[in-house]
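This report refers to the structure that appears directly beneath it.
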There are 2 protein chains.
Amino acid sequence: MNLFDKAMGFRFACKHFDPNKKISQNDLDFILNEARRSPSSFGLEPWHYLIIENQELRQKIRPACLNQSQVTDCSHFIILLSRKPHFFTAGSDYLKQSFARNYEDTDALNKALTMFDGFQKHHLKPDLENWAKMQVYLSGANMMTAAAYIGIDSCPIEGFDYNDLENLLSTQLANFNKDDYAVAFCIALGYRNYQQTPQIRYPLEQIVTYIK
Amino acid sequence: MNLFDKAMGFRFACKHFDPNKKISQNDLDFILNEARRSPSSFGLEPWHYLIIENQELRQKIRPACLNQSQVTDCSHFIILLSRKPHFFTAGSDYLKQSFARNYEDTDALNKALTMFDGFQKHHLKPDLENWAKMQVYLSGANMMTAAAYIGIDSCPIEGFDYNDLENLLSTQLANFNKDDYAVAFCIALGYRNYQQTPQIRYPLEQIVTYIK
């Protein structure tokens with residue numbers, strides 16, 4: 001049996017986690033590393049993962065997340081952050097440093113930076129903040145699939161008040177700065193303590209159109 | 001060896017495809033089916049995939065995509081569409097029909113619809129169009145990873161003029177309507193005809209913060 005297919009069948013939005021089962025550091029490293037290897041536009045990797053293990057902080061986060069029990073009951077609660085637009089505008093150190101990994105000589109680097117600047121100014125229909133978040137969603141998808149591949153459950157969470165959550169993080173965490181990061185979405189990771197609900201999807205014929 | 005890890009190492013943004021190698025329908029079905037099984041907010045699956053095989057149309061699309069050769073040289077050029085906001089606002093048939101798959105009685109269905117309406121009005125910081133696109137990115141990530149799992153290359157493409165591409169699709173395709181769908185991004189699928197470039201990523205320590 002194709003194990004990728006098995007993983008996609010195993011994954012569901014797990015609403016009830018066993019609060020006593022913890023993911024090993026080894027497994028967590030695997031999951032985070034696979035997320036890290038995700039594609040991103042221009043290889044800019046505009047993501048950062050906050051792994052909230054601290055229960056006191058989770059109790060504070062839970063009300064901002066519509067009081068969902070996954071926040072406190074999962075093994076690892078992950079907040080996926082996206083970098084703010086200033087990292088991607090002309091002159092940004094992050095932009096230069098990221099591109100420099102791919103270009104050895106300065107001319108080629110500067111040409112690539114100019115090209116990107118044109119791209120972000122003229123071709124990017126979503127604004128830079130949403131564009132960065134979209135890249136983070138790519139890595140979040142691989143995070144959940146990687147987890148499922150090794151039998152670990154997940155629940156993607158968008159049901160929260162963005163302002164409440166970002167304000168809470170900026171008061172509680174010394175290294176979270178709202179000027180630099182936005183919350184893209186959250187993923188609770190852990191082990192289910194109930195039976196998987198059936199996977200309901202529209203049939204392939206309804207979501208695919210061939211132009212031959 | 002963990003085959004998921006192997007797939008994530010195999011995947012890279014393939015810039016040069018072998019124009020003579022075609023993906024079998026069997027493999028394509030696998031890839032599309034796995035994308036279809038992706039999670040989406042409230043299970044709303046706001047995606048549709050246009051599989052552009054027609055070479056004449058691809059020649060027309062290529063200039064809108066910054067003339068990238070992947071558009072014409074890949075085996076299957078996929079345009080990932082996202083549903084427009086009107087599908088997710090109160091009273092939408094699509095919303096009702098999608099939710100109805102999960103709720104047998106009308107009371108529970110109506111309660112869920114009201115809940116979602118509150119969510120989209122009050123909690124959704126990204127606008128509905130970008131929110132829908134973010135879900136499409138989840139499915140696109142799984143599409144590329146599924147392809148890599150079976151040795152098929154991909155290139156995610158955002159480098160295009162959204163208006164040009166959407167206008168082109170609406171004049172060329174009878175069943176594409178700009179009022180109903182937006183282009184989220186594109187994925188070229190096929191087989192590389194050059195050596196894979198090295199995978200460059202920031203180290204895990206730089207993109208992860210633990211709050212213990």
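Within each chain, counting starts at residue 1; across the structure tokens, chains are named A, B, ... in the order shown, with ligands numbered 1 upward in that order.
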
Specify as number ranges by chain all residues of chain B found within 7 Å of chain A, counting only C-alpha atoms.
B: 5, 8, 33-34, 37, 47-54, 123, 125, 130, 134, 137-138, 141-142, 159-162, 201, 204, 207-212

Work out how far atom CA of A:Asp153 is from atom CA of A:Tyr191, in Å to one decimal.
5.3 Å

Long-range neighbours of B:Ser75 as a PyMOL selection string, 12 Å cut-off, only C-alpha atoms, 6 positions minimum in chain:
chain B and resi 16-25+27-28+51-55+58+69+152-155+187-192

Please produce an output containing C-alpha atoms for each residue in the selection, written as a short mmCIF file (atom, residue, chain, number, x, y, z; two decimals), in the first residue's frame.
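Okay, out.cif is ready:
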data_model
loop_
_atom_site.label_atom_id
_atom_site.label_comp_id
_atom_site.auth_asym_id
_atom_site.auth_seq_id
_atom_site.Cartn_x
_atom_site.Cartn_y
_atom_site.Cartn_z
CA HIS B 16 13.29 22.72 -17.07
CA PHE B 17 10.96 19.90 -17.99
CA ASP B 18 11.45 17.20 -20.58
CA PRO B 19 8.73 18.13 -23.10
CA ASN B 20 8.57 14.56 -24.38
CA LYS B 21 7.73 12.82 -21.10
CA LYS B 22 4.09 12.66 -20.13
CA ILE B 23 2.57 11.73 -16.79
CA SER B 24 0.26 8.71 -17.01
CA GLN B 25 -3.40 9.25 -16.22
CA ASP B 27 -0.27 8.85 -11.73
CA LEU B 28 -2.12 12.10 -12.38
CA ILE B 51 -5.60 20.84 -16.11
CA ILE B 52 -4.29 22.56 -19.21
CA GLU B 53 -3.10 19.97 -21.70
CA ASN B 54 -3.96 21.98 -24.82
CA GLN B 55 -0.71 23.32 -26.28
CA ARG B 58 -0.49 27.03 -23.09
CA SER B 69 9.19 27.72 -20.30
CA ILE B 152 7.18 13.34 -10.48
CA ASP B 153 8.60 16.85 -10.58
CA SER B 154 6.77 20.09 -10.05
CA CYS B 155 7.23 23.82 -10.18
CA ILE B 187 1.75 24.14 -10.64
CA ALA B 188 3.66 22.69 -13.57
CA LEU B 189 3.96 18.89 -13.34
CA GLY B 190 6.27 16.64 -15.34
CA TYR B 191 9.78 15.25 -15.47
CA ARG B 192 13.02 17.20 -15.00
#

B:Leu165 surroundings by only C-alpha atoms, 10 Å radius, close-in-sequence under 5 positions cut, as JSON, numbers by chain
{"B": [60, 61, 62, 63, 64, 65, 79, 160, 170, 182, 183]}

For the residues in the current selection, export N, CA and C atoms as a PDB file, in the first residue's frame.
ATOM      1  N   LYS B  60      -0.615  30.589 -25.240  1.00  0.00           N
ATOM      2  CA  LYS B  60      -1.233  31.872 -24.915  1.00  0.00           C
ATOM      3  C   LYS B  60      -1.022  32.244 -23.446  1.00  0.00           C
ATOM      4  N   ILE B  61      -0.982  31.236 -22.602  1.00  0.00           N
ATOM      5  CA  ILE B  61      -0.815  31.482 -21.159  1.00  0.00           C
ATOM      6  C   ILE B  61       0.618  31.919 -20.851  1.00  0.00           C
ATOM      7  N   ARG B  62       1.560  31.346 -21.575  1.00  0.00           N
ATOM      8  CA  ARG B  62       2.989  31.572 -21.265  1.00  0.00           C
ATOM      9  C   ARG B  62       3.395  33.046 -21.129  1.00  0.00           C
ATOM     10  N   PRO B  63       2.989  33.925 -22.049  1.00  0.00           N
ATOM     11  CA  PRO B  63       3.383  35.340 -21.864  1.00  0.00           C
ATOM     12  C   PRO B  63       2.851  35.950 -20.564  1.00  0.00           C
ATOM     13  N   ALA B  64       1.645  35.531 -20.143  1.00  0.00           N
ATOM     14  CA  ALA B  64       1.088  36.060 -18.885  1.00  0.00           C
ATOM     15  C   ALA B  64       1.889  35.554 -17.680  1.00  0.00           C
ATOM     16  N   CYS B  65       2.588  34.442 -17.867  1.00  0.00           N
ATOM     17  CA  CYS B  65       3.402  33.852 -16.794  1.00  0.00           C
ATOM     18  C   CYS B  65       4.874  34.208 -16.985  1.00  0.00           C
ATOM     19  N   ILE B  79      -3.743  24.965 -13.216  1.00  0.00           N
ATOM     20  CA  ILE B  79      -4.094  26.259 -12.631  1.00  0.00           C
ATOM     21  C   ILE B  79      -5.015  25.981 -11.455  1.00  0.00           C
ATOM     22  N   PHE B 160       3.162  35.562 -12.306  1.00  0.00           N
ATOM     23  CA  PHE B 160       2.316  35.897 -13.453  1.00  0.00           C
ATOM     24  C   PHE B 160       1.467  37.099 -13.091  1.00  0.00           C
ATOM     25  N   SER B 170     -10.915  33.784 -19.047  1.00  0.00           N
ATOM     26  CA  SER B 170     -12.348  34.056 -19.260  1.00  0.00           C
ATOM     27  C   SER B 170     -12.694  34.234 -20.738  1.00  0.00           C
ATOM     28  N   ALA B 182     -11.050  32.795  -8.798  1.00  0.00           N
ATOM     29  CA  ALA B 182      -9.820  33.569  -8.948  1.00  0.00           C
ATOM     30  C   ALA B 182      -8.682  32.569  -9.121  1.00  0.00           C
ATOM     31  N   VAL B 183      -7.595  32.998  -9.742  1.00  0.00           N
ATOM     32  CA  VAL B 183      -6.417  32.143  -9.815  1.00  0.00           C
ATOM     33  C   VAL B 183      -5.661  32.266  -8.489  1.00  0.00           C
TER      34      VAL B 183
END

Where in stretch 4-172 of chain A does DSSP assign helix (DSSP H, G or I), given as a PyMOL selection string?
chain A and resi 4-10+25-36+41-43+55-64+70-73+85-88+93-100+106-123+128-149+162-172

Give me the residues within 9 Å of A:Tyr103 as a VMD selection string, counting only C-alpha atoms and dropping any in the same chain fewer than 5 places off.
chain A and resid 108 to 109 112

Could you work out how far atom CA of A:Phe87 lies from atom CA of A:Ala132, giving the answer in Å with one decimal?
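Here the two named atoms are 10.0 Å from each other.
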